[in-house]
file model18.csv (CSV, C-alpha atoms and all ligand atoms)
chain,number,residue,atom,x,y,z
A,1,MET,CA,48.7,90.3,-51.0
A,2,LYS,CA,50.5,91.4,-47.8
A,3,VAL,CA,49.0,89.6,-44.9
A,4,THR,CA,48.9,92.8,-42.8
A,5,ASP,CA,46.2,94.0,-45.2
A,6,LEU,CA,44.0,91.3,-43.7
A,7,TRP,CA,44.2,92.8,-40.2
A,8,SER,CA,44.0,96.4,-41.3
A,9,ALA,CA,40.7,95.5,-43.1
A,10,ALA,CA,39.8,93.9,-39.7
A,11,GLN,CA,36.5,92.3,-40.9
A,12,LYS,CA,37.0,89.1,-38.9
A,13,PRO,CA,39.8,87.2,-37.3
A,14,THR,CA,42.0,85.3,-39.7
A,15,VAL,CA,42.5,81.5,-39.9
A,16,SER,CA,45.8,80.2,-41.1
A,17,PHE,CA,47.6,76.8,-41.2
A,18,GLU,CA,51.3,75.9,-40.9
A,19,LEU,CA,52.7,73.2,-43.0
A,20,PHE,CA,56.2,71.7,-43.4
A,21,PRO,CA,57.9,70.2,-46.4
A,22,PRO,CA,57.8,66.3,-46.3
A,23,ARG,CA,60.8,64.3,-45.4
A,24,SER,CA,59.8,61.0,-47.0
A,25,PRO,CA,57.4,59.7,-49.7
A,26,LYS,CA,55.0,58.7,-46.9
A,27,GLY,CA,55.2,62.2,-45.5
A,28,ALA,CA,54.5,63.6,-49.0
A,29,GLU,CA,51.4,61.5,-49.3
A,30,LYS,CA,50.2,62.6,-45.9
A,31,LEU,CA,50.9,66.3,-46.8
A,32,GLU,CA,49.0,66.0,-50.1
A,33,LYS,CA,45.9,64.8,-48.3
A,34,ALA,CA,46.2,67.5,-45.6
A,35,ILE,CA,46.6,70.3,-48.2
A,36,ASP,CA,43.4,69.2,-50.0
A,37,ALA,CA,41.4,69.1,-46.8
A,38,LEU,CA,42.8,72.3,-45.4
A,39,ALA,CA,42.5,74.2,-48.6
A,40,ASP,CA,38.7,73.4,-48.6
A,41,LEU,CA,38.5,75.4,-45.4
A,42,ARG,CA,39.5,78.5,-47.4
A,43,PRO,CA,42.2,79.8,-45.0
A,44,ASP,CA,43.3,83.4,-45.1
A,45,PHE,CA,46.9,82.1,-45.6
A,46,VAL,CA,49.1,79.1,-45.1
A,47,SER,CA,52.7,79.1,-44.0
A,48,VAL,CA,55.6,76.9,-44.8
A,49,THR,CA,58.5,76.2,-42.3
A,50,PHE,CA,62.2,76.4,-43.2
A,51,GLY,CA,64.7,74.0,-41.7
A,52,ALA,CA,67.5,75.9,-39.9
A,53,GLY,CA,70.9,75.8,-41.6
A,54,GLY,CA,69.1,75.5,-45.0
A,55,SER,CA,68.2,71.8,-44.3
A,56,THR,CA,64.9,72.0,-46.1
A,57,ARG,CA,65.8,74.8,-48.5
A,58,GLU,CA,64.7,73.1,-51.7
A,59,GLY,CA,61.7,71.3,-50.2
A,60,SER,CA,60.4,74.5,-48.6
A,61,ARG,CA,60.7,76.4,-51.8
A,62,GLN,CA,58.9,73.7,-53.7
A,63,LEU,CA,56.0,73.6,-51.2
A,64,VAL,CA,55.7,77.4,-51.2
A,65,GLU,CA,55.5,77.3,-55.0
A,66,LYS,CA,52.9,74.5,-55.0
A,67,LEU,CA,50.7,76.2,-52.5
A,68,LYS,CA,50.9,79.5,-54.2
A,69,LYS,CA,50.7,78.5,-57.9
A,70,GLU,CA,48.8,75.2,-57.9
A,71,LYS,CA,46.5,75.7,-54.9
A,72,MET,CA,46.2,79.5,-55.3
A,73,LEU,CA,46.7,80.1,-51.6
A,74,GLU,CA,48.3,83.1,-50.0
A,75,VAL,CA,51.6,82.0,-48.5
A,76,VAL,CA,53.8,83.1,-45.7
A,77,ALA,CA,57.2,81.6,-46.3
A,78,TYR,CA,59.2,81.1,-43.0
A,79,PHE,CA,62.9,81.8,-43.1
A,80,ALA,CA,65.2,80.4,-40.4
A,81,GLY,CA,68.6,82.1,-40.7
A,82,TYR,CA,70.6,80.1,-38.2
A,83,GLY,CA,74.1,79.6,-39.4
A,84,LEU,CA,73.6,81.1,-42.9
A,85,GLY,CA,75.8,83.8,-44.2
A,86,PRO,CA,74.6,86.9,-46.1
A,87,GLU,CA,74.9,85.3,-49.5
A,88,ASP,CA,73.0,82.2,-48.5
A,89,ILE,CA,70.3,84.4,-47.0
A,90,THR,CA,69.9,86.5,-50.2
A,91,ALA,CA,69.9,83.4,-52.4
A,92,VAL,CA,66.9,82.0,-50.5
A,93,LEU,CA,65.1,85.3,-50.4
A,94,ASP,CA,65.7,86.1,-54.0
A,95,SER,CA,64.2,82.7,-55.0
A,96,TYR,CA,61.1,83.6,-52.9
A,97,GLN,CA,60.9,87.0,-54.4
A,98,THR,CA,60.9,85.6,-58.0
A,99,LEU,CA,57.9,83.3,-57.2
A,100,PRO,CA,56.6,85.9,-56.2
A,101,ILE,CA,56.1,85.6,-52.5
A,102,GLU,CA,55.1,88.8,-50.6
A,103,ASN,CA,55.2,87.5,-47.0
A,104,VAL,CA,58.1,86.1,-45.0
A,105,LEU,CA,58.3,85.3,-41.4
A,106,VAL,CA,61.8,85.5,-40.0
A,107,VAL,CA,63.1,83.3,-37.2
A,108,ARG,CA,66.5,82.5,-36.0
A,109,GLY,CA,66.1,78.8,-35.9
A,110,ASP,CA,68.2,76.4,-33.9
A,111,VAL,CA,71.3,74.2,-34.4
A,112,PRO,CA,70.2,71.8,-37.2
A,113,LYS,CA,70.4,68.2,-35.9
A,114,GLU,CA,69.7,66.7,-39.3
A,115,LEU,CA,72.8,68.3,-40.8
A,116,GLU,CA,75.8,66.5,-39.4
A,117,ASP,CA,79.0,68.6,-38.8
A,118,PHE,CA,77.1,71.8,-39.7
A,119,LYS,CA,79.3,74.8,-39.1
A,120,PRO,CA,77.7,78.2,-38.9
A,121,HIS,CA,78.9,80.7,-41.5
A,122,PRO,CA,81.3,83.1,-39.8
A,123,ARG,CA,79.1,86.0,-40.9
A,124,SER,CA,75.8,84.4,-39.8
A,125,PHE,CA,73.5,86.3,-37.5
A,126,ALA,CA,73.0,85.6,-33.8
A,127,HIS,CA,69.4,86.6,-33.4
A,128,ALA,CA,66.2,87.1,-35.4
A,129,SER,CA,66.4,90.8,-34.7
A,130,ASP,CA,69.7,91.0,-36.6
A,131,LEU,CA,68.3,89.0,-39.5
A,132,ILE,CA,65.3,91.3,-39.7
A,133,GLU,CA,67.6,94.3,-39.7
A,134,PHE,CA,69.6,92.8,-42.6
A,135,ILE,CA,66.5,91.8,-44.6
A,136,ARG,CA,64.3,94.9,-44.1
A,137,PRO,CA,66.1,97.4,-46.3
A,138,ARG,CA,66.9,94.8,-49.0
A,139,TYR,CA,63.4,93.3,-49.7
A,140,PRO,CA,59.9,94.6,-49.9
A,141,PHE,CA,58.4,91.5,-48.1
A,142,CYS,CA,55.8,92.0,-45.4
A,143,LEU,CA,57.9,90.6,-42.5
A,144,GLY,CA,56.6,88.7,-39.5
A,145,THR,CA,58.3,87.3,-36.4
A,146,ALA,CA,57.8,84.7,-33.7
A,147,GLY,CA,56.7,85.5,-30.1
A,148,TYR,CA,56.6,83.3,-27.0
A,149,PRO,CA,53.7,83.8,-24.5
A,150,GLU,CA,55.6,81.7,-21.9
A,151,GLY,CA,59.0,83.2,-22.9
A,152,HIS,CA,61.4,81.6,-25.3
A,153,ILE,CA,62.9,78.4,-23.8
A,154,ASP,CA,66.4,79.9,-23.5
A,155,CYS,CA,65.4,83.5,-22.6
A,156,GLU,CA,67.2,85.2,-19.7
A,157,SER,CA,63.8,86.4,-18.4
A,158,LYS,CA,60.4,87.0,-19.8
A,159,ASP,CA,60.9,90.8,-19.6
A,160,LYS,CA,64.2,90.5,-21.6
A,161,ASP,CA,62.5,88.2,-24.2
A,162,LEU,CA,59.8,90.9,-24.7
A,163,GLU,CA,62.4,93.6,-25.1
A,164,TYR,CA,64.0,91.5,-27.9
A,165,LEU,CA,60.6,91.0,-29.4
A,166,ARG,CA,60.1,94.8,-29.4
A,167,LEU,CA,63.5,95.1,-31.1
A,168,LYS,CA,62.4,92.7,-33.8
A,169,VAL,CA,59.3,94.9,-34.4
A,170,GLU,CA,61.4,98.1,-34.4
A,171,ASN,CA,63.7,96.5,-37.0
A,172,GLY,CA,60.8,95.8,-39.3
A,173,ALA,CA,58.5,92.9,-38.2
A,174,GLU,CA,54.9,93.9,-39.0
A,175,TYR,CA,53.1,91.1,-37.1
A,176,ILE,CA,53.7,88.4,-34.6
A,177,ILE,CA,52.7,84.7,-34.7
A,178,SER,CA,52.8,83.2,-31.2
A,179,ASN,CA,54.1,79.9,-30.1
A,180,TYR,CA,51.3,77.7,-28.9
A,181,PHE,CA,50.1,77.4,-25.3
A,182,TYR,CA,47.6,75.2,-23.4
A,183,ASP,CA,46.4,78.0,-21.1
A,184,ASN,CA,45.0,81.1,-22.6
A,185,ARG,CA,46.1,83.2,-19.7
A,186,TYR,CA,49.7,83.0,-21.0
A,187,PHE,CA,48.5,84.5,-24.2
A,188,PHE,CA,46.3,87.2,-22.7
A,189,ASP,CA,49.1,88.2,-20.4
A,190,PHE,CA,51.7,88.2,-23.2
A,191,VAL,CA,49.5,90.5,-25.4
A,192,GLN,CA,48.9,92.8,-22.5
A,193,ARG,CA,52.7,93.0,-21.7
A,194,CYS,CA,53.4,93.6,-25.4
A,195,ARG,CA,51.0,96.5,-25.6
A,196,ALA,CA,52.4,98.0,-22.4
A,197,LEU,CA,55.8,97.9,-24.0
A,198,GLY,CA,54.6,99.7,-27.1
A,199,ILE,CA,54.5,96.6,-29.4
A,200,GLY,CA,51.4,97.5,-31.4
A,201,VAL,CA,51.5,95.1,-34.3
A,202,PRO,CA,48.8,92.3,-34.8
A,203,ILE,CA,49.5,89.2,-32.7
A,204,LEU,CA,48.2,85.9,-33.9
A,205,ALA,CA,47.5,83.0,-31.4
A,206,GLY,CA,49.3,79.8,-32.3
A,207,VAL,CA,47.1,76.7,-31.7
A,208,MET,CA,48.5,73.2,-31.5
A,209,PRO,CA,45.8,70.5,-31.4
A,210,ILE,CA,46.8,67.4,-29.4
A,211,TYR,CA,47.6,64.7,-31.9
A,212,SER,CA,49.3,62.1,-29.7
A,213,VAL,CA,50.6,62.1,-26.2
A,214,LYS,CA,54.1,61.3,-27.4
A,215,MET,CA,54.1,64.2,-29.9
A,216,MET,CA,52.6,66.5,-27.3
A,217,LYS,CA,55.4,65.8,-24.8
A,218,MET,CA,58.1,65.9,-27.4
A,219,LEU,CA,57.1,69.3,-28.8
A,220,ALA,CA,56.3,70.9,-25.5
A,221,GLY,CA,59.7,69.8,-24.2
A,222,MET,CA,61.4,71.3,-27.3
A,223,CYS,CA,59.7,74.7,-27.2
A,224,GLY,CA,58.9,75.2,-23.5
A,225,ALA,CA,55.1,75.0,-23.6
A,226,THR,CA,53.6,74.1,-20.3
A,227,ILE,CA,51.3,71.0,-20.3
A,228,THR,CA,48.7,72.1,-17.9
A,229,ASP,CA,46.8,70.1,-15.3
A,230,GLU,CA,43.7,70.5,-17.3
A,231,VAL,CA,45.3,68.8,-20.3
A,232,ARG,CA,47.0,66.1,-18.1
A,233,ASN,CA,43.8,65.3,-16.2
A,234,GLY,CA,41.7,65.3,-19.4
A,235,ILE,CA,44.0,62.8,-21.0
A,236,ALA,CA,44.2,60.7,-17.9
A,237,SER,CA,40.4,60.4,-17.9
A,238,LEU,CA,40.4,58.9,-21.5
A,239,PRO,CA,40.3,55.1,-22.2
A,240,GLN,CA,44.0,54.0,-22.4
A,241,ASP,CA,45.6,53.8,-25.9
A,242,ASP,CA,42.4,55.0,-27.6
A,243,LYS,CA,43.7,57.2,-30.4
A,244,GLU,CA,40.3,58.4,-31.5
A,245,SER,CA,39.3,59.5,-28.0
A,246,LEU,CA,42.5,61.4,-27.7
A,247,VAL,CA,42.1,63.2,-31.0
A,248,ASN,CA,38.5,64.1,-30.1
A,249,PHE,CA,39.7,65.4,-26.7
A,250,GLY,CA,42.3,67.5,-28.5
A,251,ILE,CA,39.6,68.9,-30.8
A,252,GLU,CA,37.3,69.7,-27.9
A,253,PHE,CA,40.1,71.3,-25.9
A,254,ALA,CA,41.4,73.4,-28.7
A,255,ALA,CA,37.9,74.5,-29.8
A,256,SER,CA,37.2,75.7,-26.3
A,257,GLN,CA,40.5,77.5,-26.2
A,258,CYS,CA,39.8,79.2,-29.6
A,259,THR,CA,36.3,80.1,-28.5
A,260,GLU,CA,37.7,82.1,-25.6
A,261,LEU,CA,40.4,83.7,-27.8
A,262,LEU,CA,37.9,84.7,-30.4
A,263,ARG,CA,35.5,86.2,-27.8
A,264,ALA,CA,38.4,88.2,-26.5
A,265,GLY,CA,39.1,89.7,-29.9
A,266,VAL,CA,42.2,87.8,-31.1
A,267,ALA,CA,43.4,89.0,-34.5
A,268,GLY,CA,43.8,85.5,-35.9
A,269,LEU,CA,44.2,81.8,-35.1
A,270,HIS,CA,47.3,80.1,-36.6
A,271,PHE,CA,47.1,76.3,-36.5
A,272,TYR,CA,50.2,74.1,-36.2
A,273,THR,CA,48.9,71.3,-38.4
A,274,MET,CA,51.9,69.0,-38.4
A,275,ASP,CA,50.8,68.2,-41.9
A,276,LEU,CA,47.6,66.6,-40.5
A,277,SER,CA,44.1,67.8,-41.2
A,278,GLU,CA,41.5,66.0,-39.2
A,279,SER,CA,41.9,68.0,-35.9
A,280,THR,CA,42.2,71.4,-37.6
A,281,VAL,CA,39.2,70.7,-39.8
A,282,GLY,CA,37.2,69.6,-36.8
A,283,ILE,CA,38.1,72.7,-34.8
A,284,VAL,CA,37.6,75.2,-37.6
A,285,ASN,CA,34.2,73.7,-38.6
A,286,ARG,CA,33.1,73.8,-35.0
A,287,LEU,CA,34.0,77.5,-34.6
A,288,ARG,CA,32.3,78.3,-37.9
A,289,ASP,CA,29.1,76.4,-36.9
A,290,ASP,CA,29.1,78.4,-33.7
A,291,GLY,CA,29.3,81.6,-35.7
A,292,LEU,CA,32.6,82.6,-34.2
A,293,LEU,CA,34.5,82.7,-37.5
B,301,LIG,C1,55.6,81.0,-35.4
B,301,LIG,C2,56.9,80.3,-35.3
B,301,LIG,C3,57.5,79.8,-36.5
B,301,LIG,C4,58.7,79.1,-36.4
B,301,LIG,N1,59.2,78.6,-37.6
B,301,LIG,C5,60.4,77.9,-37.6
B,301,LIG,C6,61.0,77.5,-38.8
B,301,LIG,O1,60.4,77.6,-39.9
B,301,LIG,N2,62.2,76.9,-38.8
B,301,LIG,C7,62.8,76.7,-37.6
B,301,LIG,O2,63.9,76.2,-37.6
B,301,LIG,N3,62.3,77.1,-36.4
B,301,LIG,C8,61.1,77.7,-36.4
B,301,LIG,N4,60.6,78.2,-35.2
B,301,LIG,C9,61.3,77.9,-34.0
B,301,LIG,C10,62.4,79.0,-33.7
B,301,LIG,O3,63.3,79.0,-34.7
B,301,LIG,C11,63.0,78.7,-32.3
B,301,LIG,O4,62.1,79.0,-31.3
B,301,LIG,C12,64.3,79.5,-32.1
B,301,LIG,O5,64.9,78.9,-30.9
B,301,LIG,C13,64.2,81.0,-31.8
B,301,LIG,O6,63.9,81.6,-32.9
B,301,LIG,P1,63.5,83.2,-32.8
B,301,LIG,O7,63.3,83.7,-34.1
B,301,LIG,O8,62.4,83.4,-31.8
B,301,LIG,O9,64.8,83.7,-32.1
B,301,LIG,P2,65.3,85.1,-31.4
B,301,LIG,O10,64.2,86.1,-31.5
B,301,LIG,O11,66.6,85.4,-32.0
B,301,LIG,O12,65.4,84.7,-29.9
B,301,LIG,C14,66.2,83.5,-29.5
B,301,LIG,C15,66.6,83.7,-28.1
B,301,LIG,O13,67.6,84.8,-28.0
B,301,LIG,C16,67.2,85.8,-27.2
B,301,LIG,N5,67.4,87.1,-28.0
B,301,LIG,C17,66.7,87.6,-29.0
B,301,LIG,N6,67.3,88.7,-29.5
B,301,LIG,C18,68.4,88.9,-28.7
B,301,LIG,C19,69.4,89.9,-28.7
B,301,LIG,N7,69.4,90.9,-29.7
B,301,LIG,N8,70.4,89.8,-27.8
B,301,LIG,C20,70.4,88.8,-26.9
B,301,LIG,N9,69.5,87.8,-26.8
B,301,LIG,C21,68.5,87.9,-27.7
B,301,LIG,C22,65.7,85.6,-27.0
B,301,LIG,O14,65.3,86.1,-25.7
B,301,LIG,C23,65.6,84.1,-27.1
B,301,LIG,O15,65.8,83.5,-25.9
B,301,LIG,C24,59.4,78.9,-35.2
B,301,LIG,C25,58.8,79.4,-34.0
B,301,LIG,C26,57.6,80.0,-34.1
B,301,LIG,C27,56.9,80.5,-32.8
call {"tool": "encode", "arguments": {"input": "model18.csv", "output": "structure tokens", "more": "lines below"}}
Ligand SMILES: Cc1cc2nc3c(=O)[nH]c(=O)nc-3n(C[C@H](O)[C@H](O)[C@H](O)COP(=O)(O)OP(=O)(O)OC[C@H]3O[C@@H](n4cnc5c(N)ncnc54)[C@H](O)[C@@H]3O)c2cc1C
result
Amino acid sequence: MKVTDLWSAAQKPTVSFELFPPRSPKGAEKLEKAIDALADLRPDFVSVTFGAGGSTREGSRQLVEKLKKEKMLEVVAYFAGYGLGPEDITAVLDSYQTLPIENVLVVRGDVPKELEDFKPHPRSFAHASDLIEFIRPRYPFCLGTAGYPEGHIDCESKDKDLEYLRLKVENGAEYIISNYFYDNRYFFDFVQRCRALGIGVPILAGVMPIYSVKMMKMLAGMCGATITDEVRNGIASLPQDDKESLVNFGIEFAASQCTELLRAGVAGLHFYTMDLSESTVGIVNRLRDDGLL
């Protein structure tokens, strides 16, 4: 099924979960538990990340296959094209097509730190818009793309960033999954500016529960999400080094963010699970108990 069918039917907002391929036996064990708990929530789809430069190529394909064939879940396979030449790109996408996968979200990706001495292919593509332009006429996938409510961390300006987002949609992206944010005003403003620019495709809100202070700071630094005073002060009011209180705060905070997003009519909530399930299960169950999902 193409995920865009979910939004054209528009019965209710979608719930989806992002997973990444494990990097160690411990990570595989953690992922296995997360998949079982998350699958019980009956998500509309799950997504699988792809390491830029092809660094998780095999692991991503295996996870996509497992989720699709063993767990019978609808899957959006991400594809990060950074540094890959046309033949590498088609090799990955051909393998997804034979599974068969119908949904691919295309991102540029970043310089892969885990691949030492990685040299981009001379015919690699500079931007996600170029990748989408290359992929669109060659594959029947339902294509998605990434959007940044606060602007991409390296963007010249938020306006330029949005123009490039429009180009990605003009080149064939049929929906947008947003980066996460800790203040809904960033998202509401982003959606409004997208619509004003003529970007009409569904926009899903990315939700990142707070799992640990260290992870929160690291990820926010990498992707340019503002850690708001509300989050900072909320964490400061918790007993020090109390992991459970922090996770519960993260669940409360995200549940109230999601409540406002759902009341405002968001097309879907996309959870960045980090291969963990406790927080996402807590948030989704809360929203369902409240009759919002
Ligand atoms: C939902 C989501 C999923 C993700 N999944 C993955 C993943 O699986 N693997 C991974 O490695 N990373 C992933 N990322 C991270 C992503 O790869 C990085 O944020 C990356 O830095 C940018 O990717 P992009 O596709 O947004 O790039 P682009 O859209 O190419 O944008 C990158 C920068 O270039 C600028 N730009 C865009 N187009 C042009 C143009 N035509 N001319 C000039 N400038 C331009 C933009 O303003 C921006 O600053 C994901 C991000 C999100 C939000």
call {"tool": "residues_near_ligand", "arguments": {"input": "model18.csv", "ligand": "ligand LIG 301 (chain B)", "cutoff": "6 Å", "atoms": "all atoms listed in the file", "output": "number ranges by chain"}}
result
A: 49-52, 78-80, 107-110, 127-129, 146-147, 152, 154-155, 161, 164, 177-179
call {"tool": "closest_atom_pairs", "arguments": {"input": "model18.csv", "of": "range 20-69 of chain A", "to": "range 88-100 of chain A", "cutoff": "9 Å", "atoms": "only C-alpha atoms", "output": "CSV"}}
result
residue,atom,partner,partner_atom,distance
A:Gly54,CA,A:Asp88,CA,8.5
A:Arg57,CA,A:Val92,CA,7.6
A:Arg61,CA,A:Tyr96,CA,7.3
A:Val64,CA,A:Tyr96,CA,8.4
A:Glu65,CA,A:Leu99,CA,6.8
A:Lys68,CA,A:Leu99,CA,8.5
A:Lys69,CA,A:Leu99,CA,8.7
call {"tool": "residues_near_point", "arguments": {"input": "model18.csv", "point": "(69.3, 66.3, -40.4)", "cutoff": "12 Å", "atoms": "only C-alpha atoms", "output": "MDAnalysis selection string"}}
result
chainID A and resid 23 51:56 111:118
call {"tool": "residues_near_point", "arguments": {"input": "model18.csv", "point": "(45.5, 71.5, -30.9)", "cutoff": "8 Å", "atoms": "only C-alpha atoms", "output": "JSON list (two decimals) with C-alpha atoms, keeping the file's coordinate frame"}}
result
[["chain", "number", "residue", "atom", "x", "y", "z"],
["A", 207, "VAL", "CA", 47.10, 76.70, -31.70],
["A", 208, "MET", "CA", 48.50, 73.20, -31.50],
["A", 209, "PRO", "CA", 45.80, 70.50, -31.40],
["A", 210, "ILE", "CA", 46.80, 67.40, -29.40],
["A", 211, "TYR", "CA", 47.60, 64.70, -31.90],
["A", 250, "GLY", "CA", 42.30, 67.50, -28.50],
["A", 251, "ILE", "CA", 39.60, 68.90, -30.80],
["A", 253, "PHE", "CA", 40.10, 71.30, -25.90],
["A", 254, "ALA", "CA", 41.40, 73.40, -28.70],
["A", 271, "PHE", "CA", 47.10, 76.30, -36.50],
["A", 272, "TYR", "CA", 50.20, 74.10, -36.20],
["A", 279, "SER", "CA", 41.90, 68.00, -35.90],
["A", 280, "THR", "CA", 42.20, 71.40, -37.60]]
call {"tool": "residues_around", "arguments": {"input": "model18.csv", "residues": "Leu143 in chain A", "least_positions_apart": "6", "cutoff": "7 Å", "atoms": "only C-alpha atoms", "output": "PyMOL selection string"}}
result
chain A and resi 103-106+172-174
call {"tool": "atom_distance", "arguments": {"input": "model18.csv", "atom1": "CA of Leu219 in chain A", "atom2": "CA of Gly59 in chain A"}}
result
22.0 Å
call {"tool": "closest_residue", "arguments": {"input": "model18.csv", "among": "A:Gly224, A:Gly282, A:Pro239, A:Pro21", "to": "Glu252 in chain A", "atoms": "only C-alpha atoms"}}
result
A:Gly282
call {"tool": "residues_around", "arguments": {"input": "model18.csv", "residues": "Glu133 in chain A", "least_positions_apart": "2", "cutoff": "10 Å", "atoms": "all atoms listed in the file", "output": "PyMOL selection string"}}
result
chain A and resi 128-131+135-138+167-173
call {"tool": "closest_residue", "arguments": {"input": "model18.csv", "among": "A:Val266, A:Lys12, A:Val247, A:Val3", "to": "Gly291 in chain A", "atoms": "all atoms listed in the file"}}
result
A:Lys12
call {"tool": "decode", "arguments": {"input": "model18.csv", "residues": "range 241-252 of chain A", "atoms": "N, CA and C atoms", "output": "PDB file, in the first residue's frame"}}
result
ATOM      1  N   ASP A 241      19.494  12.671  38.474  1.00  0.00           N
ATOM      2  CA  ASP A 241      19.884  11.308  38.079  1.00  0.00           C
ATOM      3  C   ASP A 241      18.794  10.260  38.299  1.00  0.00           C
ATOM      4  N   ASP A 242      17.541  10.694  38.259  1.00  0.00           N
ATOM      5  CA  ASP A 242      16.440   9.739  38.398  1.00  0.00           C
ATOM      6  C   ASP A 242      15.886   9.448  36.996  1.00  0.00           C
ATOM      7  N   LYS A 243      16.344   8.327  36.467  1.00  0.00           N
ATOM      8  CA  LYS A 243      16.050   7.990  35.074  1.00  0.00           C
ATOM      9  C   LYS A 243      14.532   7.845  34.847  1.00  0.00           C
ATOM     10  N   GLU A 244      13.883   7.205  35.807  1.00  0.00           N
ATOM     11  CA  GLU A 244      12.444   6.958  35.644  1.00  0.00           C
ATOM     12  C   GLU A 244      11.645   8.272  35.599  1.00  0.00           C
ATOM     13  N   SER A 245      12.022   9.207  36.488  1.00  0.00           N
ATOM     14  CA  SER A 245      11.326  10.503  36.483  1.00  0.00           C
ATOM     15  C   SER A 245      11.529  11.204  35.147  1.00  0.00           C
ATOM     16  N   LEU A 246      12.734  11.089  34.617  1.00  0.00           N
ATOM     17  CA  LEU A 246      13.019  11.754  33.339  1.00  0.00           C
ATOM     18  C   LEU A 246      12.176  11.150  32.206  1.00  0.00           C
ATOM     19  N   VAL A 247      12.144   9.824  32.168  1.00  0.00           N
ATOM     20  CA  VAL A 247      11.362   9.162  31.113  1.00  0.00           C
ATOM     21  C   VAL A 247       9.881   9.538  31.255  1.00  0.00           C
ATOM     22  N   ASN A 248       9.392   9.559  32.492  1.00  0.00           N
ATOM     23  CA  ASN A 248       7.984   9.937  32.707  1.00  0.00           C
ATOM     24  C   ASN A 248       7.723  11.379  32.306  1.00  0.00           C
ATOM     25  N   PHE A 249       8.680  12.254  32.612  1.00  0.00           N
ATOM     26  CA  PHE A 249       8.548  13.653  32.180  1.00  0.00           C
ATOM     27  C   PHE A 249       8.480  13.705  30.651  1.00  0.00           C
ATOM     28  N   GLY A 250       9.363  12.932  30.000  1.00  0.00           N
ATOM     29  CA  GLY A 250       9.393  12.900  28.526  1.00  0.00           C
ATOM     30  C   GLY A 250       8.055  12.439  27.961  1.00  0.00           C
ATOM     31  N   ILE A 251       7.456  11.444  28.610  1.00  0.00           N
ATOM     32  CA  ILE A 251       6.151  10.931  28.146  1.00  0.00           C
ATOM     33  C   ILE A 251       5.080  12.021  28.319  1.00  0.00           C
ATOM     34  N   GLU A 252       5.058  12.641  29.493  1.00  0.00           N
ATOM     35  CA  GLU A 252       4.078  13.704  29.758  1.00  0.00           C
ATOM     36  C   GLU A 252       4.223  14.837  28.743  1.00  0.00           C
TER      37      GLU A 252
END
